[in-house]
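Data first, discussion second: the structure below is written as structure tokens.
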Amino acid sequence: MIRRRYGLIGYILKSLPLLTMVLFGSVVSLAQADQGYPYDGMVVVKSEKSFSELADDLKTSIKDNKMGLVTRASASGGAANAGITIPGNLVVGVYRNDFARRMLSASIPAGIEAPIRFYLTESNDGTSVLTYRKPTAVFAPYNSADLDVMAKELDGIFEKIAKGAIQ
């Protein structure tokens, strides 16, 4: 019995370096898991423009590409209203009614995906980043040929909006 006890303790002590590596590796993996974007089809474009300049140019590009700026939310704007300064952060929902009707005709559940978002963030060096998920990736889980056709059209429009904002 005593031998078994020491045998188990010995086994645990021998395994401790491996166990420590596994646990530490898990912690590192978890820390890294929340960095980056968890979805396929993400487009991340770095810009030399300031955050406010990119936000203004995105608004113009949305209009130039005949889409609607449907929603707008800003954590940095809300913080500023409370007297707190954080780096610029803006989520802009973009869509258009004819696409909404086509989407709902193809799939009622897909309606939760609209509007499709652009995400602007301010970098520490005064530049900014524009991020969005391609509409083909957004609508892919619904397995609808009609949605796939529409999403490909939207991919082109969203790419043009992003390029217009970044230029």
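In the structure tokens, chains take the letters A, B, ... in the order shown, each chain's residues start at 1, and ligands count up from 1 in the order shown.
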
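Excluding Arg117 of chain A and any residue on its chain fewer than 4 positions from it, the residues at most 8 Å away by only C-alpha atoms are Val91, Val92, Gly93, Val94, Tyr132 and Arg133 of chain A.
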
Write the residues of the selection above to a file with all heavy atoms, as a PDB file, in the first residue's frame.
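Final file, part32.pdb:
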```pdb
ATOM      1  N   VAL A  91     -19.178  50.760 -35.561  1.00  0.00           N
ATOM      2  CA  VAL A  91     -19.804  49.691 -36.339  1.00  0.00           C
ATOM      3  C   VAL A  91     -20.898  50.335 -37.178  1.00  0.00           C
ATOM      4  O   VAL A  91     -21.749  51.051 -36.655  1.00  0.00           O
ATOM      5  CB  VAL A  91     -20.413  48.608 -35.423  1.00  0.00           C
ATOM      6  CG1 VAL A  91     -21.116  47.537 -36.248  1.00  0.00           C
ATOM      7  CG2 VAL A  91     -19.346  47.987 -34.538  1.00  0.00           C
ATOM      8  N   VAL A  92     -20.849  50.075 -38.485  1.00  0.00           N
ATOM      9  CA  VAL A  92     -21.808  50.659 -39.417  1.00  0.00           C
ATOM     10  C   VAL A  92     -22.530  49.527 -40.141  1.00  0.00           C
ATOM     11  O   VAL A  92     -21.890  48.679 -40.767  1.00  0.00           O
ATOM     12  CB  VAL A  92     -21.088  51.571 -40.446  1.00  0.00           C
ATOM     13  CG1 VAL A  92     -22.059  52.088 -41.484  1.00  0.00           C
ATOM     14  CG2 VAL A  92     -20.387  52.716 -39.744  1.00  0.00           C
ATOM     15  N   GLY A  93     -23.857  49.498 -40.053  1.00  0.00           N
ATOM     16  CA  GLY A  93     -24.659  48.506 -40.751  1.00  0.00           C
ATOM     17  C   GLY A  93     -25.090  49.049 -42.104  1.00  0.00           C
ATOM     18  O   GLY A  93     -25.602  50.162 -42.200  1.00  0.00           O
ATOM     19  N   VAL A  94     -24.855  48.259 -43.144  1.00  0.00           N
ATOM     20  CA  VAL A  94     -25.115  48.697 -44.512  1.00  0.00           C
ATOM     21  C   VAL A  94     -26.027  47.691 -45.207  1.00  0.00           C
ATOM     22  O   VAL A  94     -25.797  46.485 -45.141  1.00  0.00           O
ATOM     23  CB  VAL A  94     -23.779  48.826 -45.297  1.00  0.00           C
ATOM     24  CG1 VAL A  94     -24.023  49.183 -46.746  1.00  0.00           C
ATOM     25  CG2 VAL A  94     -22.861  49.845 -44.621  1.00  0.00           C
ATOM     26  N   TYR A 132     -14.683  43.992 -42.493  1.00  0.00           N
ATOM     27  CA  TYR A 132     -16.042  43.523 -42.765  1.00  0.00           C
ATOM     28  C   TYR A 132     -15.990  42.048 -43.127  1.00  0.00           C
ATOM     29  O   TYR A 132     -14.934  41.513 -43.477  1.00  0.00           O
ATOM     30  CB  TYR A 132     -16.727  44.336 -43.875  1.00  0.00           C
ATOM     31  CG  TYR A 132     -16.164  44.134 -45.267  1.00  0.00           C
ATOM     32  CD1 TYR A 132     -16.763  43.243 -46.165  1.00  0.00           C
ATOM     33  CD2 TYR A 132     -15.054  44.837 -45.703  1.00  0.00           C
ATOM     34  CE1 TYR A 132     -16.263  43.067 -47.440  1.00  0.00           C
ATOM     35  CE2 TYR A 132     -14.544  44.674 -46.982  1.00  0.00           C
ATOM     36  CZ  TYR A 132     -15.149  43.789 -47.844  1.00  0.00           C
ATOM     37  OH  TYR A 132     -14.658  43.605 -49.116  1.00  0.00           O
ATOM     38  N   ARG A 133     -17.103  41.416 -43.003  1.00  0.00           N
ATOM     39  CA  ARG A 133     -17.229  40.016 -43.388  1.00  0.00           C
ATOM     40  C   ARG A 133     -17.912  39.969 -44.739  1.00  0.00           C
ATOM     41  O   ARG A 133     -18.963  40.589 -44.942  1.00  0.00           O
ATOM     42  CB  ARG A 133     -18.056  39.269 -42.345  1.00  0.00           C
ATOM     43  CG  ARG A 133     -18.005  37.778 -42.505  1.00  0.00           C
ATOM     44  CD  ARG A 133     -18.534  37.085 -41.261  1.00  0.00           C
ATOM     45  NE  ARG A 133     -18.541  35.659 -41.480  1.00  0.00           N
ATOM     46  CZ  ARG A 133     -19.504  34.848 -41.082  1.00  0.00           C
ATOM     47  NH1 ARG A 133     -20.519  35.329 -40.393  1.00  0.00           N
ATOM     48  NH2 ARG A 133     -19.444  33.571 -41.334  1.00  0.00           N
TER      49      ARG A 133
END
```

Discussion item. When you look at segment 81-86 of chain A with a cut-off of 10 Å (counting only C-alpha atoms), what residues show up, excluding the ones that are within fewer than 5 positions of it in the same chain? I need them as number ranges by chain.
Written reply: A: 75-76, 122

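Distance annotation: of A:Thr71, A:Asn89, A:Asn97, A:Ser50, the residue with the minimal separation from Ile116 of chain A is A:Thr71; atom set is only C-alpha atoms.
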
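The interatomic distance for the pair atom CA of Asn124 of chain A and atom CA of Leu54 of chain A works out to 15.0 Å.
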
Worksheet entry | Close residues, Ala114 of chain A itself excluded, 12 Å, only C-alpha atoms, min 3 positions apart in chain, as a VMD selection string | chain A and resid 68 to 71 92 to 97 99 to 104 107 to 111 117 to 118 135 138 to 139 151 154

Practice prompt. Compile the contact shell of Ser123 of chain A as a ChimeraX atom specification: residues with an atom at most 10 Å away, counting only C-alpha atoms, same-chain residues fewer than 4 positions apart removed.
Written response: /A:46-48,50-51,87-89,127-129

Item to complete: Identify, with DSSP run on backbone atoms, the residues in segment 11-163 of chain A assigned to strand (DSSP E), and express the list as number ranges by chain.
Response: A: 42-47, 68-73, 89-95, 116-122, 128-133

Save out the residues we just selected, C-alpha atoms, as a PDB file, in the first residue's frame.
```pdb
ATOM      1  CA  MET A  42     -13.223  38.471 -42.909  1.00  0.00           C
ATOM      2  CA  VAL A  43     -11.616  41.282 -44.878  1.00  0.00           C
ATOM      3  CA  VAL A  44      -9.272  43.512 -42.884  1.00  0.00           C
ATOM      4  CA  VAL A  45      -7.914  46.610 -44.619  1.00  0.00           C
ATOM      5  CA  LYS A  46      -5.388  48.901 -42.942  1.00  0.00           C
ATOM      6  CA  SER A  47      -5.610  52.564 -43.828  1.00  0.00           C
ATOM      7  CA  GLY A  68     -27.931  52.646 -47.216  1.00  0.00           C
ATOM      8  CA  LEU A  69     -26.235  53.369 -43.919  1.00  0.00           C
ATOM      9  CA  VAL A  70     -28.842  51.609 -41.799  1.00  0.00           C
ATOM     10  CA  THR A  71     -27.251  51.447 -38.344  1.00  0.00           C
ATOM     11  CA  ARG A  72     -24.391  53.132 -36.539  1.00  0.00           C
ATOM     12  CA  ALA A  73     -22.950  52.315 -33.128  1.00  0.00           C
ATOM     13  CA  ASN A  89     -14.491  52.342 -32.636  1.00  0.00           C
ATOM     14  CA  LEU A  90     -17.466  52.362 -34.993  1.00  0.00           C
ATOM     15  CA  VAL A  91     -19.804  49.691 -36.339  1.00  0.00           C
ATOM     16  CA  VAL A  92     -21.808  50.659 -39.417  1.00  0.00           C
ATOM     17  CA  GLY A  93     -24.659  48.506 -40.751  1.00  0.00           C
ATOM     18  CA  VAL A  94     -25.115  48.697 -44.512  1.00  0.00           C
ATOM     19  CA  TYR A  95     -27.939  47.330 -46.640  1.00  0.00           C
ATOM     20  CA  ILE A 116     -24.147  43.644 -42.929  1.00  0.00           C
ATOM     21  CA  ARG A 117     -21.551  45.502 -40.902  1.00  0.00           C
ATOM     22  CA  PHE A 118     -18.362  47.410 -41.436  1.00  0.00           C
ATOM     23  CA  TYR A 119     -16.157  47.832 -38.370  1.00  0.00           C
ATOM     24  CA  LEU A 120     -13.762  50.762 -38.063  1.00  0.00           C
ATOM     25  CA  THR A 121     -11.073  50.876 -35.414  1.00  0.00           C
ATOM     26  CA  GLU A 122      -8.461  53.459 -34.561  1.00  0.00           C
ATOM     27  CA  SER A 128      -7.246  53.115 -38.810  1.00  0.00           C
ATOM     28  CA  VAL A 129      -8.529  49.716 -39.870  1.00  0.00           C
ATOM     29  CA  LEU A 130     -11.672  48.826 -41.819  1.00  0.00           C
ATOM     30  CA  THR A 131     -13.024  45.313 -41.329  1.00  0.00           C
ATOM     31  CA  TYR A 132     -16.042  43.523 -42.765  1.00  0.00           C
ATOM     32  CA  ARG A 133     -17.229  40.016 -43.388  1.00  0.00           C
TER      33      ARG A 133
END
```
